[in-house]
Amino acid sequence: MAFYRKNIGGLHQAVRIAAGVAVVVAAFVYLAGVTAWLVALGGAGFALTGFVGYCPMCAMAGIGRGGVS
């Protein structure tokens with residue numbers, strides 16, 4: 001068993017992946033230099049939480065499955 005439990009649903013996961021990829025693409029298209037890489041890194045992290053199905057910030061806030069909802 002993993003050290004985490006999925007706390008976001010399937011639709012939420014798909015939206016996170018799509019939004020994260022969109023941010024990465026937009027960062028490299030519209031920004032330049034270090035700023036583009038930092039924004040792209042944030043978008044990649046957001047997409048990764050969707051891919052894994054676990055949002056640490058949601059877990060801390062008690063939002064999601066088994067939480068406040």
# chains A, B, ... in the order shown; residues from 1 in each chain; ligands from 1
call {"tool": "select_by_dssp", "arguments": {"residues": "chain A", "states": "alpha helix (DSSP H)", "output": "mmCIF file with C-alpha atoms, in the first residue's frame"}}
result
data_model
loop_
_atom_site.group_PDB
_atom_site.id
_atom_site.type_symbol
_atom_site.label_atom_id
_atom_site.label_comp_id
_atom_site.auth_asym_id
_atom_site.auth_seq_id
_atom_site.Cartn_x
_atom_site.Cartn_y
_atom_site.Cartn_z
ATOM 1 C CA GLY A 10 -11.633 11.037 -11.508
ATOM 2 C CA LEU A 11 -13.058 14.242 -13.004
ATOM 3 C CA HIS A 12 -10.946 16.355 -10.656
ATOM 4 C CA GLN A 13 -7.881 14.365 -11.727
ATOM 5 C CA ALA A 14 -8.613 14.937 -15.424
ATOM 6 C CA VAL A 15 -9.089 18.675 -14.895
ATOM 7 C CA ARG A 16 -5.832 18.923 -12.941
ATOM 8 C CA ILE A 17 -3.901 17.095 -15.658
ATOM 9 C CA ALA A 18 -5.384 19.233 -18.446
ATOM 10 C CA ALA A 19 -4.855 22.505 -16.573
ATOM 11 C CA GLY A 20 -1.306 21.562 -15.611
ATOM 12 C CA VAL A 21 -0.346 20.690 -19.172
ATOM 13 C CA ALA A 22 -1.978 23.905 -20.425
ATOM 14 C CA VAL A 23 0.073 25.960 -17.953
ATOM 15 C CA VAL A 24 3.296 24.241 -19.042
ATOM 16 C CA VAL A 25 2.588 24.901 -22.721
ATOM 17 C CA ALA A 26 1.511 28.504 -22.081
ATOM 18 C CA ALA A 27 4.621 29.161 -19.989
ATOM 19 C CA PHE A 28 6.968 28.201 -22.791
ATOM 20 C CA VAL A 29 4.904 29.972 -25.471
ATOM 21 C CA TYR A 30 4.295 33.293 -23.704
ATOM 22 C CA GLY A 33 13.910 32.700 -19.406
ATOM 23 C CA VAL A 34 13.775 31.615 -15.802
ATOM 24 C CA THR A 35 10.178 32.774 -15.383
ATOM 25 C CA ALA A 36 9.000 30.302 -18.017
ATOM 26 C CA TRP A 37 10.779 27.438 -16.283
ATOM 27 C CA LEU A 38 9.379 28.346 -12.855
ATOM 28 C CA VAL A 39 5.804 28.643 -14.123
ATOM 29 C CA ALA A 40 6.200 25.411 -16.110
ATOM 30 C CA LEU A 41 7.473 23.648 -12.990
ATOM 31 C CA GLY A 42 4.369 24.757 -11.091
ATOM 32 C CA GLY A 43 2.126 23.509 -13.889
ATOM 33 C CA ALA A 44 3.962 20.194 -14.003
ATOM 34 C CA GLY A 45 3.493 19.781 -10.259
ATOM 35 C CA PHE A 46 -0.205 20.511 -10.601
ATOM 36 C CA ALA A 47 -0.529 17.945 -13.406
ATOM 37 C CA LEU A 48 1.416 15.407 -11.353
ATOM 38 C CA THR A 49 -1.016 15.682 -8.443
ATOM 39 C CA GLY A 50 -3.817 14.920 -10.889
ATOM 40 C CA PHE A 51 -1.940 11.976 -12.376
ATOM 41 C CA VAL A 52 -1.253 10.472 -8.951
ATOM 42 C CA PRO A 56 -1.427 17.320 -0.374
ATOM 43 C CA MET A 57 -3.044 20.724 0.133
ATOM 44 C CA CYS A 58 -6.526 19.199 -0.141
ATOM 45 C CA ALA A 59 -5.531 16.589 2.424
ATOM 46 C CA MET A 60 -4.315 19.239 4.868
ATOM 47 C CA ALA A 61 -7.563 21.173 4.449
#
